[in-house]
Every structure is written in C-alpha cells, then in structure tokens.
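Okay, so here's the structure we're looking at.
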Amino acid sequence: MLGDGLEWGALTLETADGVAAVVRLPETRVFEDLVPRFADVDGVAPPEIVVVESSATGGARLAVYGLDRGALRAIAATPEIGAPFRWLAPAAIADLDGDGAIEIAYVETPHLRGVLRVWGFEPGGLTERAAAAGFSNHRIGEDFISGGLRTCAGVPEIVTADLGWTRLIAARLQDGRIAARDLGPLRGREDFAAALACAP
C-alpha cells in the first residue's frame, strides 16, 4: 500500500453560490492523491485545482483542472509516467525562479528513482523546466507527503529527503536547472518542520 489505500473516481467543486461542478474519470483512471490543491496557476481568477491521476496502464500524471463556463475541465496535464503502479508526489506550486510565472514540482517515483521534476504552465499546457534524480518526499505506507515549499531570505526552495531518507535536501530552480544542497541529517518529522520554518 502506498498510503491510505483510497482512490477516487470523481472530483467535485462547489462554488460560493452553491453550484457544484463535477468531473468523473473513466473506469481505467482514478484520482490517486491525498488532497486537491488550489493554486492560481494561470494568473487569472479563480484558482485552478491540481491533482494526481493514475491510469491502469500508464501510471500517474499531474493534472490541472479549471472552471470553464460552469464546468470543471482538465486544462493541462503532464505525460503519464509510462508504467502501471508508478506514482508521483506533489512537492511545490510557486514561482520557483522569480520570473513571475508559476511552476509545479513533484517527485516522480519517490520510492524508486526519486526524480524531482519542475513544470511551467503556459497557454496550451505544461512544459518541463528541469529534472534531477535522487529525491524523495513519500514512503510506502504513509498517508502524507513530507517536506514541501519554504522561502528563506526571499528564496523559494523545495525541501525533501534524499532517496535513502538519511539527509534533508533543499532544491531550487536556478538558471534552468535544479540546484540541490544538503541541509543535514534526517532523523524524523521534526527535522522537516524545522527546515520548512527556516530554522538553522
């Protein structure tokens, strides 16, 4: 079991005026995520919903849904990983390089290769900006994702574990690549909390 064992076939958005918009996936796909994430990905209100989907044949992908004339529609998605039973764990949604545009980061196969991928939203879809292996933000059996986004001294960084879960890693998007540095030993969840709080 990867986490909580729950998978969902529908996503419902209820607006402030009480109108519900629903999208239902085909039987070969599920929302394999812990919680939907609201984020203004395209810079135009209202915010979008970012989720993880999985297919029976291609594994997981990250999808962005938006409200279009009262209907909830997928407006962008990454490619599927390419093999069944392969998952990805979202890590951050923010302007990671200071260019004014939002990036979305996740760790692909955090239990195997641990590839940190950063995607930028552009009209028409998502474009991969950078990728690097050796990161993890989820362990099999846990119903939560560890680490996340921090901004220390005005610099956004993604906090994860290394693939062996012995070190804390901070990664930033810099000059079109992922620059990572070691923050110290990883002993438990309190180390993630301290790192996210910019504690020395």
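Chains: A, B, ... in order of the structure tokens. Residues: from 1 per chain. Ligands: from 1, in order shown.
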
*Using backbone DSSP assignments, extract all alpha helix (DSSP H) residues from stretch 30-194 of chain A; output them as a PyMOL selection string.*
chain A and resi 189-194

Near-A:Leu186 list (6 Å; only C-alpha atoms; drop same-chain fewer than 3 positions) as an mmCIF file with N, CA and C atoms, in the first residue's frame:
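The result, stored in part-v9.cif:
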data_model
loop_
_atom_site.group_PDB
_atom_site.id
_atom_site.type_symbol
_atom_site.label_atom_id
_atom_site.label_comp_id
_atom_site.auth_asym_id
_atom_site.auth_seq_id
_atom_site.Cartn_x
_atom_site.Cartn_y
_atom_site.Cartn_z
ATOM 1 N N THR A 166 18.062 9.601 4.726
ATOM 2 C CA THR A 166 19.026 9.868 5.796
ATOM 3 C C THR A 166 19.433 11.332 5.846
ATOM 4 N N ARG A 167 19.163 12.102 4.774
ATOM 5 C CA ARG A 167 19.566 13.501 4.704
ATOM 6 C C ARG A 167 18.396 14.370 4.261
ATOM 7 N N LEU A 168 18.387 15.613 4.754
ATOM 8 C CA LEU A 168 17.447 16.622 4.291
ATOM 9 C C LEU A 168 18.073 17.374 3.123
#

*asked:* With DSSP run on the backbone, what are the strand (DSSP E) residues within stretch 55-141 of chain A? I'd like them as a PyMOL selection string.
replied: chain A and resi 55+59-68+71-77+88-94+103-108+115-122+125-133+135-136

_Point-to-point distance in Å for atom CA of A:Pro47 and atom CA of A:Phe135_ = 28.4 Å

*asked:* I need the residue nearest A:Ala16 from this list: A:Arg117, A:Pro46, A:Gly134, A:Ala179. Use only C-alpha atoms for the distance.
replied: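 Of the candidates, the smallest distance to A:Ala16 is held by A:Pro46.
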
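Our summary of the geometry notes that atom CA of A:Ala133 is positioned 26.0 Å from atom CA of A:Ala153.
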
*For A:Gly9, which residue out of A:Phe31, A:Phe38, A:Phe144, A:Phe192 is the nearest one, using only C-alpha atoms?*
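The answer is A:Phe31, which sits nearest to A:Gly9.
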
*Leaving out A:Ser55 and any residue of its chain fewer than 4 positions from it, which residues lie within 6 Å of it when counting only C-alpha atoms, given as a ChimeraX atom specification?*
/A:28-29,59

*Spatial neighbours of A:Ala130, 9 Å, only C-alpha atoms, chain gap at least 3 places, as a list of chain:residue names*: A:Leu116, A:Arg117, A:Val118, A:Trp119, A:Leu173, A:Gly176, A:Arg177, A:Ile178

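Residue nearest A:Ala10 within the list A:Ala91, A:Leu67, A:Leu72, A:Leu196: A:Leu72 [criterion: smallest interatomic distance, only C-alpha atoms].
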
*Shell around stretch 75-83 of chain A at 6 Å using only C-alpha atoms, local window under 5 positions removed, as number ranges by chain*: A: 58-65, 125

Same residues, C-alpha atoms, output as a CSV table (one decimal), in the first residue's frame:
chain,number,residue,atom,x,y,z
A,58,GLY,CA,0.4,4.3,-17.8
A,59,GLY,CA,0.8,5.1,-14.1
A,60,ALA,CA,0.4,8.6,-12.6
A,61,ARG,CA,0.3,12.1,-14.1
A,62,LEU,CA,-0.2,15.5,-12.6
A,63,ALA,CA,-3.4,17.3,-13.9
A,64,VAL,CA,-4.7,20.9,-13.6
A,65,TYR,CA,-8.4,21.4,-13.7
A,125,GLY,CA,-0.2,23.1,-21.3

*Which one is closest to A:Ala21: A:Glu53, A:Asp68, A:Asp33, A:Asp191? Count only C-alpha atoms.*
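Under the stated criterion, the closest residue is A:Asp68.
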
*Could you jot down the atom CA of A:Gly66 to atom CA of A:Val50 separation for me, Å, one decimal place?*
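Computing the Euclidean distance for atom CA of A:Gly66 and atom CA of A:Val50 yields 9.0 Å.
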
*Between A:Glu190, A:Asp175, A:Asp97, A:Glu128, single out the one closest to A:Thr151, counting only C-alpha atoms.*
A:Asp97

*Which of these, A:Arg37, A:Glu103, A:Arg181, A:Asp17, has the shortest distance to A:Glu122 once you count only C-alpha atoms?*
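Looking at the shortest contact to A:Glu122, the residue is A:Glu103.
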